[in-house]
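**Q** Data file work.tsv (TSV, C-alpha atoms) is appended below.
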chain	number	residue	atom	x	y	z
S	16	MET	CA	0.00	0.00	0.00
S	17	ARG	CA	1.41	3.37	-0.89
S	18	ASN	CA	1.65	6.10	1.63
S	19	THR	CA	0.69	9.33	-0.10
S	20	ARG	CA	0.55	10.14	-3.79
S	21	ASP	CA	1.78	13.45	-5.05
S	22	PHE	CA	-0.58	15.52	-7.17
S	23	ARG	CA	1.30	18.78	-6.75
S	24	ASP	CA	2.58	18.92	-10.32
S	25	GLY	CA	-0.60	20.56	-11.59
S	26	ALA	CA	-0.64	23.16	-8.85
S	27	ASP	CA	0.40	26.79	-8.93
S	28	PRO	CA	3.85	27.45	-7.34
S	29	VAL	CA	2.33	29.34	-4.39
S	30	VAL	CA	-0.22	26.61	-3.85
S	31	ARG	CA	2.51	24.00	-4.19
S	32	ARG	CA	4.42	25.70	-1.41
S	33	ALA	CA	1.27	25.71	0.73
S	34	ILE	CA	0.78	22.01	0.01
S	35	ASP	CA	4.35	21.31	1.11
S	36	GLU	CA	3.62	23.10	4.37
S	37	LEU	CA	0.35	21.29	4.95
S	38	GLN	CA	1.90	17.91	4.20
S	39	ARG	CA	4.17	18.17	7.24
S	40	LEU	CA	3.11	15.46	9.66
S	41	PRO	CA	2.33	16.65	13.17
S	42	ALA	CA	4.13	15.37	16.24
S	43	VAL	CA	2.29	12.55	17.94
S	44	ALA	CA	2.05	12.19	21.70
S	45	ASP	CA	3.75	9.06	23.04
S	46	ASP	CA	0.53	7.70	24.51
S	47	ALA	CA	-1.75	8.71	21.63
S	48	VAL	CA	-1.85	5.33	19.91
S	49	ALA	CA	-2.32	3.45	23.20
S	50	ASN	CA	-5.20	5.77	24.14
S	51	VAL	CA	-6.92	5.19	20.81
S	52	VAL	CA	-6.50	1.42	20.97
S	53	SER	CA	-7.74	1.36	24.54
S	54	ALA	CA	-10.83	3.42	23.71
S	55	ALA	CA	-11.60	1.35	20.62
S	56	ALA	CA	-11.25	-1.98	22.39
S	57	ALA	CA	-13.46	-0.83	25.26
S	58	ALA	CA	-16.04	0.57	22.86
S	59	ARG	CA	-16.22	-2.68	20.92
S	60	LEU	CA	-16.84	-4.68	24.08
S	61	LEU	CA	-19.31	-2.22	25.53
S	62	PRO	CA	-22.65	-1.55	23.89
S	63	PRO	CA	-22.79	1.70	21.92
S	64	ALA	CA	-23.68	4.74	24.00
S	65	ASP	CA	-27.00	5.04	22.22
S	66	GLU	CA	-28.02	1.47	23.00
S	67	PRO	CA	-29.47	0.38	26.36
S	68	VAL	CA	-26.99	-1.56	28.45
S	69	PHE	CA	-29.67	-3.73	29.98
S	70	PRO	CA	-31.64	-5.94	27.62
S	71	ALA	CA	-34.98	-4.87	26.31
S	72	PRO	CA	-37.46	-7.75	26.84
S	73	GLN	CA	-37.61	-8.71	23.17
S	74	ARG	CA	-33.82	-8.69	22.81
S	75	GLY	CA	-33.03	-10.35	26.09
S	76	TRP	CA	-31.46	-13.53	24.82
S	77	GLY	CA	-28.74	-11.71	22.92
S	78	ARG	CA	-27.67	-9.75	25.97
S	79	ILE	CA	-27.90	-12.82	28.20
S	80	ALA	CA	-25.70	-14.69	25.75
S	81	LEU	CA	-23.23	-11.79	25.80
S	82	ALA	CA	-23.18	-11.78	29.60
S	83	GLY	CA	-22.74	-15.55	29.59
S	84	GLY	CA	-19.89	-15.20	27.15
S	85	LEU	CA	-18.13	-12.69	29.37
S	86	VAL	CA	-18.58	-14.96	32.40
S	87	ALA	CA	-17.28	-17.93	30.44
S	88	ALA	CA	-14.32	-15.90	29.19
S	89	ALA	CA	-13.52	-14.86	32.74
S	90	ALA	CA	-13.72	-18.45	33.96
S	91	PHE	CA	-11.60	-19.69	31.06
S	92	ALA	CA	-8.90	-17.15	31.76
S	93	GLY	CA	-8.80	-18.14	35.40
S	94	PHE	CA	-9.72	-14.83	36.93
S	95	ILE	CA	-9.40	-14.34	40.63
S	96	ILE	CA	-11.15	-11.79	42.76
S	97	ARG	CA	-9.39	-9.46	45.05
S	98	GLY	CA	-10.83	-6.56	46.98
S	99	THR	CA	-12.04	-5.29	50.29
S	100	VAL	CA	-14.93	-3.39	51.75
S	101	THR	CA	-14.06	-0.45	53.93
S	102	ALA	CA	-16.19	2.35	55.30
S	103	PRO	CA	-15.24	5.76	53.92
S	104	PRO	CA	-14.26	8.44	56.36
S	105	GLY	CA	-17.12	10.72	57.36
S	106	SER	CA	-19.74	9.23	55.10
S	107	PRO	CA	-22.01	6.77	56.89
S	108	ALA	CA	-24.69	7.03	54.23
S	109	ARG	CA	-22.64	5.81	51.31
S	110	VAL	CA	-19.86	3.30	51.52
S	111	ALA	CA	-18.05	2.60	48.32
S	112	THR	CA	-15.77	-0.26	47.62
S	113	THR	CA	-14.20	-1.66	44.51
S	114	THR	CA	-13.23	-5.14	43.61
S	115	ALA	CA	-10.72	-5.71	40.87
S	116	ILE	CA	-10.78	-8.92	38.92
S	117	ALA	CA	-7.36	-9.53	37.47
S	118	PRO	CA	-6.04	-12.38	35.39
S	119	VAL	CA	-3.74	-14.82	37.12
S	120	ALA	CA	-1.33	-14.94	34.22
S	121	TYR	CA	-0.44	-12.28	31.69
S	122	SER	CA	0.59	-12.74	28.15
S	123	THR	CA	4.02	-11.22	27.74
S	124	GLU	CA	3.44	-10.50	24.05
S	125	SER	CA	-0.04	-9.05	23.81
S	126	ALA	CA	-0.27	-6.62	26.73
S	127	VAL	CA	-3.18	-4.72	25.22
S	128	VAL	CA	-6.11	-6.90	26.20
S	129	PRO	CA	-9.04	-5.67	28.23
S	130	ILE	CA	-9.35	-6.78	31.82
S	131	ILE	CA	-12.66	-7.17	33.58
S	132	GLU	CA	-12.82	-4.69	36.44
S	133	GLN	CA	-15.64	-4.74	38.93
S	134	PHE	CA	-16.93	-1.61	40.62
S	135	VAL	CA	-19.07	-1.86	43.76
S	136	PHE	CA	-20.81	1.01	45.48
S	137	LYS	CA	-22.95	1.03	48.61
S	138	ALA	CA	-25.83	3.46	48.36
S	139	PRO	CA	-29.04	2.02	49.80
S	140	THR	CA	-31.04	5.20	49.26
S	141	ALA	CA	-29.95	5.84	45.67
S	142	ARG	CA	-32.39	5.34	42.84
S	143	ARG	CA	-29.75	5.06	40.11
S	144	VAL	CA	-25.98	4.67	40.12
S	145	ALA	CA	-23.59	4.52	37.19
S	146	VAL	CA	-19.84	4.19	36.98
S	147	ILE	CA	-18.37	6.84	34.71
S	148	GLY	CA	-14.78	7.28	33.62
S	149	ASP	CA	-12.39	7.90	30.79
S	150	PHE	CA	-13.07	4.32	29.66
S	151	ASN	CA	-16.70	5.13	28.81
S	152	ARG	CA	-16.40	8.77	27.84
S	153	TRP	CA	-17.88	9.86	31.20
S	154	ASP	CA	-21.26	8.87	29.88
S	155	PRO	CA	-23.63	7.74	32.67
S	156	SER	CA	-25.81	5.89	30.17
S	157	VAL	CA	-23.02	3.46	29.21
S	158	ALA	CA	-22.48	1.61	32.47
S	159	PRO	CA	-25.42	1.81	34.87
S	160	MET	CA	-24.84	-0.32	37.96
S	161	ALA	CA	-27.19	-3.06	39.11
S	162	ARG	CA	-28.61	-3.08	42.64
S	163	SER	CA	-27.93	-6.20	44.69
S	164	SER	CA	-30.78	-8.33	45.99
S	165	ASP	CA	-30.47	-6.88	49.49
S	166	GLY	CA	-30.76	-3.37	48.06
S	167	GLU	CA	-27.55	-2.16	49.69
S	168	LEU	CA	-24.91	-2.46	47.00
S	169	TRP	CA	-24.64	-1.46	43.38
S	170	SER	CA	-22.18	-3.25	41.13
S	171	ARG	CA	-20.97	-3.32	37.56
S	172	SER	CA	-18.17	-5.18	35.75
S	173	ILE	CA	-16.53	-3.46	32.82
S	174	PRO	CA	-13.78	-4.61	30.45
S	175	ILE	CA	-11.07	-1.95	30.61
S	176	MET	CA	-7.77	-1.74	28.82
S	177	PRO	CA	-4.66	-1.89	31.02
S	178	GLY	CA	-3.41	1.46	32.19
S	179	ARG	CA	-4.30	4.31	34.49
S	180	HIS	CA	-7.93	5.30	34.46
S	181	THR	CA	-9.94	8.01	36.18
S	182	TYR	CA	-13.50	7.37	37.28
S	183	ALA	CA	-16.30	8.31	39.67
S	184	PHE	CA	-19.82	7.21	40.52
S	185	MET	CA	-22.83	9.15	39.29
S	186	VAL	CA	-25.71	8.88	41.76
S	187	ASP	CA	-29.28	9.71	40.74
S	188	ASP	CA	-27.99	11.36	37.57
S	189	SER	CA	-26.80	14.40	39.50
S	190	ILE	CA	-24.39	13.61	42.35
S	191	LEU	CA	-20.79	12.75	41.61
S	192	VAL	CA	-19.19	10.59	44.29
S	193	LEU	CA	-15.56	9.48	44.40
S	194	ASP	CA	-14.39	6.08	45.48
S	195	PRO	CA	-12.95	6.53	48.99
S	196	ARG	CA	-10.87	3.38	48.59
S	197	ALA	CA	-9.04	4.71	45.54
S	198	PRO	CA	-6.41	7.42	45.13
S	199	LYS	CA	-7.71	10.73	43.87
S	200	THR	CA	-6.54	12.91	41.04
S	201	ARG	CA	-7.55	16.20	39.53
S	202	ASP	CA	-8.46	15.11	36.06
S	203	PRO	CA	-8.99	17.51	33.17
S	204	ASP	CA	-11.78	15.31	31.83
S	205	LEU	CA	-13.85	15.72	34.93
S	206	GLY	CA	-12.92	19.26	35.87
S	207	ALA	CA	-12.76	18.08	39.48
S	208	GLU	CA	-11.16	15.35	41.50
S	209	GLY	CA	-11.59	11.83	40.25
S	210	SER	CA	-10.72	8.39	41.56
S	211	VAL	CA	-7.84	6.52	39.97
S	212	ARG	CA	-7.82	2.84	39.04
S	213	ILE	CA	-4.68	1.19	37.75
S	214	VAL	CA	-5.73	-1.68	35.54
S	215	GLY	CA	-3.27	-4.42	34.80
S	216	ARG	CA	-0.03	-5.61	36.26
S	217	PRO	CA	0.91	-3.62	39.40
B	24	MET	CA	-18.87	13.29	22.20
B	25	THR	CA	-15.53	11.84	23.00
B	26	ALA	CA	-13.91	12.97	26.21
B	27	PRO	CA	-10.40	14.31	25.98
B	28	SER	CA	-7.69	11.94	27.01
B	29	PRO	CA	-6.80	12.29	30.68
B	30	SER	CA	-3.37	13.75	30.18
B	31	ARG	CA	-2.07	15.37	27.07
B	32	PRO	CA	1.48	16.67	26.87
B	33	THR	CA	2.04	19.86	24.95
B	34	LEU	CA	2.88	19.09	21.36
B	35	SER	CA	5.89	21.36	21.28
B	36	SER	CA	7.53	19.13	23.88
B	37	LEU	CA	7.02	15.97	21.89
B	38	PRO	CA	9.44	14.23	19.57
B	39	LEU	CA	8.83	14.06	15.85
B	40	PRO	CA	6.72	11.11	14.72
B	41	HIS	CA	8.49	7.79	14.49
B	42	PRO	CA	8.77	6.51	10.92
B	43	ALA	CA	6.59	3.54	11.86
B	44	GLN	CA	3.69	5.93	12.33
B	45	THR	CA	3.63	6.71	8.66
B	46	ALA	CA	4.70	3.32	7.36
B	47	ALA	CA	2.63	1.37	4.93
B	48	LEU	CA	0.44	-1.38	6.26
B	49	ASP	CA	0.27	-4.87	4.93
B	50	ALA	CA	-3.13	-6.27	4.07
B	51	LYS	CA	-2.74	-9.11	6.55
B	52	ALA	CA	-2.87	-6.64	9.43
B	53	ILE	CA	-6.27	-5.47	8.23
B	54	SER	CA	-7.52	-9.03	7.88
B	55	ARG	CA	-6.30	-9.87	11.37
B	56	ALA	CA	-7.87	-6.71	12.79
B	57	LYS	CA	-11.17	-7.69	11.18
B	58	LEU	CA	-11.07	-10.84	13.27
B	59	GLY	CA	-10.58	-8.78	16.42
B	60	ASP	CA	-6.78	-8.98	16.72
B	61	ILE	CA	-6.01	-5.95	18.89
B	62	GLY	CA	-2.33	-6.10	18.00
B	63	ALA	CA	-3.17	-5.77	14.32
B	64	PHE	CA	-5.50	-2.88	15.08
B	65	THR	CA	-2.65	-1.21	16.96
B	66	GLU	CA	-0.51	-1.52	13.81
B	67	ILE	CA	-3.26	0.21	11.85
B	68	VAL	CA	-3.50	3.06	14.33
B	69	GLN	CA	0.28	3.45	14.37
B	70	ALA	CA	0.39	3.56	10.58
B	71	TYR	CA	-2.35	6.16	10.13
B	72	TYR	CA	-2.52	8.20	13.33
B	73	ALA	CA	-0.23	11.05	12.25
B	74	ARG	CA	-1.94	11.44	8.87
B	75	CYS	CA	-5.37	11.39	10.49
B	76	LEU	CA	-4.27	14.01	13.00
B	77	ARG	CA	-2.93	16.19	10.19
B	78	PHE	CA	-6.22	15.90	8.30
B	79	ALA	CA	-8.40	16.53	11.36
B	80	ARG	CA	-6.43	19.63	12.40
B	81	ALA	CA	-6.82	21.11	8.96
B	82	MET	CA	-10.51	20.20	8.74
B	83	LEU	CA	-11.81	21.18	12.13
B	84	VAL	CA	-13.18	24.57	13.12
B	85	GLU	CA	-11.68	23.77	16.53
B	86	PRO	CA	-8.28	22.21	15.73
B	87	ASP	CA	-7.70	21.53	19.42
B	88	ASP	CA	-10.35	18.83	19.15
B	89	ALA	CA	-8.36	16.95	16.50
B	90	GLU	CA	-7.00	14.26	18.83
B	91	ASP	CA	-10.50	13.52	20.10
B	92	MET	CA	-11.87	13.38	16.60
B	93	VAL	CA	-9.16	11.00	15.43
B	94	GLN	CA	-9.88	8.77	18.40
B	95	GLU	CA	-13.60	8.88	17.62
B	96	ALA	CA	-12.90	7.90	14.01
B	97	PHE	CA	-10.73	4.95	15.02
B	98	VAL	CA	-13.33	3.79	17.55
B	99	ARG	CA	-15.99	3.85	14.85
B	100	LEU	CA	-13.66	2.07	12.46
B	101	TYR	CA	-12.86	-0.66	14.98
B	102	ARG	CA	-16.54	-1.22	15.68
B	103	ALA	CA	-17.28	-1.45	11.97
B	104	LEU	CA	-14.22	-3.53	11.02
B	105	PRO	CA	-16.08	-6.85	10.90
B	106	ARG	CA	-18.27	-5.36	8.17
B	107	TYR	CA	-15.35	-3.97	6.15
B	108	GLU	CA	-15.19	-5.32	2.61
B	109	GLU	CA	-11.80	-5.48	0.96
B	110	ARG	CA	-13.15	-4.23	-2.35
B	111	GLN	CA	-13.09	-0.75	-0.83
B	112	ARG	CA	-9.60	0.55	-0.18
B	113	PHE	CA	-8.98	0.63	3.56
B	114	GLU	CA	-7.38	4.05	3.53
B	115	SER	CA	-10.35	5.55	1.69
B	116	TRP	CA	-12.71	4.00	4.19
B	117	LEU	CA	-10.74	5.39	7.16
B	118	PHE	CA	-10.68	8.93	5.76
B	119	GLN	CA	-14.34	8.69	4.86
B	120	ILE	CA	-15.14	7.94	8.51
B	121	LEU	CA	-12.79	10.67	9.73
B	122	GLY	CA	-14.29	13.18	7.30
B	123	ASN	CA	-17.77	12.39	8.62
B	124	CYS	CA	-16.57	12.87	12.21
B	125	CYS	CA	-14.97	16.21	11.36
B	126	ARG	CA	-17.99	17.51	9.47
B	127	THR	CA	-20.29	16.56	12.34
B	128	ALA	CA	-17.98	18.24	14.86
B	129	ASN	CA	-17.80	21.36	12.71
B	130	SER	CA	-21.54	21.63	12.46
B	131	VAL	CA	-21.83	21.32	16.25
B	132	ALA	CA	-19.06	23.89	16.80
B	133	GLN	CA	-20.61	26.31	14.36
B	134	ARG	CA	-24.03	25.87	15.94
B	135	ASN	CA	-22.53	26.51	19.36
B	136	ALA	CA	-20.80	29.61	18.11
B	137	ALA	CA	-24.21	30.81	16.87
B	138	ARG	CA	-22.56	32.28	13.82
B	139	LEU	CA	-25.12	32.53	11.05
B	140	VAL	CA	-23.59	32.09	7.63
B	141	THR	CA	-25.78	31.80	4.60
B	142	ASP	CA	-23.39	31.47	1.70
B	143	ASP	CA	-19.83	30.62	0.82
B	144	ASP	CA	-18.88	34.16	-0.18
B	145	LEU	CA	-19.88	35.43	3.23
B	146	LEU	CA	-17.97	32.59	4.86
B	147	GLU	CA	-14.87	33.54	2.93
B	148	ARG	CA	-15.10	37.11	4.20
B	149	ILE	CA	-15.23	36.11	7.84
B	150	PRO	CA	-11.74	36.41	9.28
B	151	ALA	CA	-10.47	33.11	10.56
B	152	GLU	CA	-10.03	32.78	14.27
B	153	SER	CA	-6.59	32.10	15.58
B	154	ARG	CA	-5.44	28.70	14.37
B	155	ALA	CA	-2.02	29.06	15.91
B	156	ASP	CA	-0.40	25.66	15.94
B	157	ASP	CA	2.42	24.60	18.19
B	158	ASP	CA	3.73	22.53	15.31
B	159	ALA	CA	4.00	25.45	12.92
B	160	PRO	CA	5.64	28.37	14.62
B	161	ASN	CA	6.74	29.82	11.26
B	162	ALA	CA	4.90	32.75	9.71
B	163	TRP	CA	4.36	30.99	6.38
B	164	GLY	CA	2.81	27.98	8.10
B	165	ASP	CA	0.49	30.23	10.08
B	166	SER	CA	-0.53	32.08	6.92
B	167	VAL	CA	-1.27	28.82	5.13
B	168	ARG	CA	-3.36	27.52	7.99
B	169	HIS	CA	-5.26	30.78	8.36
B	170	ALA	CA	-6.01	30.82	4.65
B	171	LEU	CA	-7.05	27.18	4.68
B	172	ALA	CA	-9.39	27.83	7.60
B	173	GLU	CA	-11.19	30.47	5.57
B	174	LEU	CA	-12.09	28.03	2.84
B	175	PRO	CA	-15.62	26.66	2.81
B	176	GLU	CA	-15.57	23.23	4.46
B	177	HIS	CA	-16.62	21.29	1.34
B	178	ASN	CA	-13.82	22.83	-0.70
B	179	ARG	CA	-11.28	22.43	2.09
B	180	GLU	CA	-12.05	18.73	2.55
B	181	ILE	CA	-11.63	17.85	-1.11
B	182	PHE	CA	-8.45	19.95	-1.38
B	183	LEU	CA	-6.97	18.13	1.62
B	184	LEU	CA	-7.99	14.69	0.40
B	185	HIS	CA	-6.50	15.29	-3.03
B	186	TYR	CA	-3.36	17.34	-2.46
B	187	ILE	CA	-2.42	16.49	1.12
B	188	GLU	CA	-3.60	12.91	1.53
B	189	GLY	CA	-2.99	11.90	-2.07
B	190	PHE	CA	-6.37	10.49	-3.08
B	191	SER	CA	-7.22	10.55	-6.76
B	192	TYR	CA	-10.44	12.17	-7.97
B	193	ASP	CA	-11.69	8.70	-8.80
B	194	GLU	CA	-11.21	7.59	-5.20
B	195	ILE	CA	-12.71	10.78	-3.75
B	196	GLU	CA	-15.75	10.32	-5.98
B	197	ARG	CA	-16.26	6.85	-4.49
B	198	MET	CA	-15.72	8.19	-0.96
B	199	THR	CA	-18.00	11.21	-1.16
B	200	GLY	CA	-20.46	10.42	-3.93
B	201	VAL	CA	-19.64	13.78	-5.53
B	202	ARG	CA	-18.94	13.69	-9.27
B	203	GLN	CA	-15.40	14.28	-10.45
B	204	SER	CA	-16.26	17.44	-12.37
B	205	ALA	CA	-17.60	18.98	-9.16
B	206	LEU	CA	-14.61	17.73	-7.19
B	207	LYS	CA	-12.18	19.33	-9.63
B	208	MET	CA	-14.11	22.57	-9.43
B	209	ARG	CA	-13.89	22.55	-5.64
B	210	VAL	CA	-10.15	21.93	-5.71
B	211	LYS	CA	-9.74	24.69	-8.29
B	212	ARG	CA	-11.73	27.15	-6.17
B	213	ALA	CA	-9.71	26.20	-3.12
B	214	SER	CA	-6.43	26.57	-5.02
B	215	ASP	CA	-7.47	29.92	-6.50
B	216	PHE	CA	-8.44	31.24	-3.10
B	217	LEU	CA	-5.21	30.05	-1.47
B	218	ARG	CA	-3.10	31.48	-4.27
B	219	ALA	CA	-4.85	34.87	-4.05
B	220	ARG	CA	-4.74	34.96	-0.28
B	221	LEU	CA	-1.13	33.78	0.07
B	222	SER	CA	0.23	35.87	-2.80
B	223	ARG	CA	-1.33	38.94	-1.16
B	224	GLY	CA	0.29	37.94	2.10
B	225	ASP	CA	3.68	37.58	0.42
B	226	LYS	CA	3.50	41.10	-1.00
B	227	SER	CA	2.43	42.80	2.24
Is it possible to give me this structure as structure tokens?
**A**
Amino acid sequence: MRNTRDFRDGADPVVRRAIDELQRLPAVADDAVANVVSAAAAARLLPPADEPVFPAPQRGWGRIALAGGLVAAAAFAGFIIRGTVTAPPGSPARVATTTAIAPVAYSTESAVVPIIEQFVFKAPTARRVAVIGDFNRWDPSVAPMARSSDGELWSRSIPIMPGRHTYAFMVDDSILVLDPRAPKTRDPDLGAEGSVRIVGRP
Amino acid sequence: MTAPSPSRPTLSSLPLPHPAQTAALDAKAISRAKLGDIGAFTEIVQAYYARCLRFARAMLVEPDDAEDMVQEAFVRLYRALPRYEERQRFESWLFQILGNCCRTANSVAQRNAARLVTDDDLLERIPAESRADDDAPNAWGDSVRHALAELPEHNREIFLLHYIEGFSYDEIERMTGVRQSALKMRVKRASDFLRARLSRGDKS
């Protein structure tokens, strides 16, 4: 495959000079390609932002099969669960905790594979909770969390590419809550502090 | 809308692109990427990222959004890869997607700016906003980019596809659905405008 063909011959000398200037390739940030690949891989595994995450009744089997496939993939890869539940300081109403599911063994060659990360949030009085972050374009509609049977906890597992990610929980579509168990960062995406999750090998 | 990446170094502090970022791709990488091989997709992104960034910066009303737009285009491409048919040239397909992303972003930006423009002549008379680029600190480069920004979008896109990205009129016709005679006219109008604008700048 050729790179770029040159059609400048037919152009006026001034225009040809302008073309030469415009053909200069820009500098590329070191992490640009990794960011794109990470976003693309996550987007392909997640449903599109304009599609409901939970199955509509008539389309249920497809989503159930997808969920089953993810569970089977996790079992096949030999995932283990690690994580703890700890009360956040000064917030008796909402206790957040996260549980990371990490593969036992890593491939040394293909480091760029998504890893299932589980987010858990305790908010018994909330009506809706979603996990938002740079991995889902901060869109609350992409990853709504499911309430547990006892009504206390909300949880959601998301395939995320290895790397450093910033996230938060969106409660009732209006309240942004950080994860007290995670380090915090001031992230330009959020315009405020966010929680940090390192996905992949520590 | 795609969120900006969490941390973005200033471009002036970055090294020049590695040759691999502009290298040609072999067709096997595309076939492997179609099957979901993330490594092959990474090769594709590495091969085309710099060119896509160049195109997006020149196309967008808000050039600072170029990185986000390139990411959006690659995300769309990766989602659609299983449906890609080899009879269409991959590069054409990628720039078709990127062009759609840029045009959509431009329409949103222009709507947000609430700038009412009813015809191309009026658009050409509106002075371009600052398109200062960290990559082009030279006066000639700034002049070229300012002049380019004043072109109507449909002329600018075809000019860029033909002269900067090297697509033939035949390929652009297949990408855009616009007939070659109209494409040539757009490129001619763009060239005439740039020549007039830049020659004037040279004299002053």
**Q** What does the distance between CA of Ile187 in chain B and CA of Gln38 in chain S come to in Å, to one decimal place?
**A**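 Between these atoms lies a distance of 5.5 Å.
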**Q** Please identify all polymer residues within 8 Å of Thr200 in chain S, counting all atoms listed in the file, omitting same-chain residues fewer than 3 positions from it, and present them as a PyMOL selection string.
**A** chain S and resi 181+208-211
**Q** Nearest to chain S among B:Ser222, B:Thr127, B:Ser204, B:Ser54, with distances taken over all atoms listed in the file: which residue is it?
**A**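 Ranked by minimum distance to chain S, first place goes to B:Ser222.
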**Q** B:Arg55, B:Arg218, B:Arg197, B:Arg223: which is nearest chain S, counting all atoms listed in the file?
**A**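 Ranking B:Arg55, B:Arg218, B:Arg197, B:Arg223 by distance to chain S, first place goes to B:Arg218.
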**Q** How far is it from CA of Ala96 in chain B to CA of Cys75 in chain B, in Å with one decimal?
**A**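 Spanning CA of Ala96 in chain B to CA of Cys75 in chain B is a straight-line distance of 9.0 Å.
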**Q** Record the distance separating CA of Trp153 in chain S and CA of Asn123 in chain B, expressed in Å with one decimal.
**A**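 CA of Trp153 in chain S sits 22.7 Å away from CA of Asn123 in chain B.
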**Q** Excluding Val167 in chain B and its own-chain neighbours fewer than 2 positions away, which residues fall within 9 Å of it when counting only C-alpha atoms? Please give them as a list in words.
**A**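 Near neighbours after the sequence-gap exclusion: Ala33, Ile34, Glu36 and Leu37 of chain S; Ala162, Trp163, Gly164, Asp165, His169, Ala170, Leu171, Ala172, Leu217, Arg220 and Leu221 of chain B.
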**Q** For a cut-off of 9 Å around (0.6, -0.1, 16.1), file coordinates, pick out all residues using all atoms listed in the file and list them as a CSV table (one decimal) with C-alpha atoms, in the frame of the given file.
**A**
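As written to disk, point32.csv reads:
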chain,number,residue,atom,x,y,z
S,48,VAL,CA,-1.8,5.3,19.9
S,49,ALA,CA,-2.3,3.4,23.2
S,52,VAL,CA,-6.5,1.4,21.0
B,43,ALA,CA,6.6,3.5,11.9
B,44,GLN,CA,3.7,5.9,12.3
B,62,GLY,CA,-2.3,-6.1,18.0
B,63,ALA,CA,-3.2,-5.8,14.3
B,64,PHE,CA,-5.5,-2.9,15.1
B,65,THR,CA,-2.6,-1.2,17.0
B,66,GLU,CA,-0.5,-1.5,13.8
B,67,ILE,CA,-3.3,0.2,11.8
B,68,VAL,CA,-3.5,3.1,14.3
B,69,GLN,CA,0.3,3.4,14.4
B,70,ALA,CA,0.4,3.6,10.6
**Q** Can you tell me which residues surround Asn151 in chain S at a distance of at most 8 Å, considering all atoms listed in the file, apart from same-chain residues fewer than 5 positions away, and format the answer as a PyMOL selection string?
**A** chain S and resi 54+57-58+157-158
**Q** For Leu76 in chain B, work out the shell of residues within 10 Å, counting all atoms listed in the file and skipping chain neighbours fewer than 6 positions away, then give it as a PyMOL selection string.
**A** (chain S and resi 40-43) or (chain B and resi 82+86+88-94+121)
**Q** Looking at B:Arg126, B:Arg202, B:Arg74, B:Lys51, which one is nearest to Glu180 in chain B, with distances taken over all atoms listed in the file?
**A**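 Closest candidate: B:Arg126.
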**Q** Select, from S:Gly178, S:Gly215, S:Pro159, S:Gly166, the residue with the minimum atom-to-atom distance to chain B, counting only C-alpha atoms.
**A**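 Using only C-alpha atoms, the shortest distance to chain B belongs to S:Gly178.
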**Q** Applying 10 Å and all atoms listed in the file, which residues near Phe182 in chain B remain after dropping the ones on its own chain fewer than 5 positions away? List them as a list in words.
**A**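 Returned residues: Ile34 of chain S; Leu171, Leu174, Glu176, His177, Ile187, Glu188, Gly189, Phe190, Leu206, Lys207, Arg209, Val210, Lys211, Arg212, Ala213 and Ser214 of chain B.
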**Q** Rank S:Arg162, S:Arg179, S:Arg143, S:Arg152 by their smallest atom-to-atom distance to chain B, using only C-alpha atoms, and report the top residue only.
**A** S:Arg152
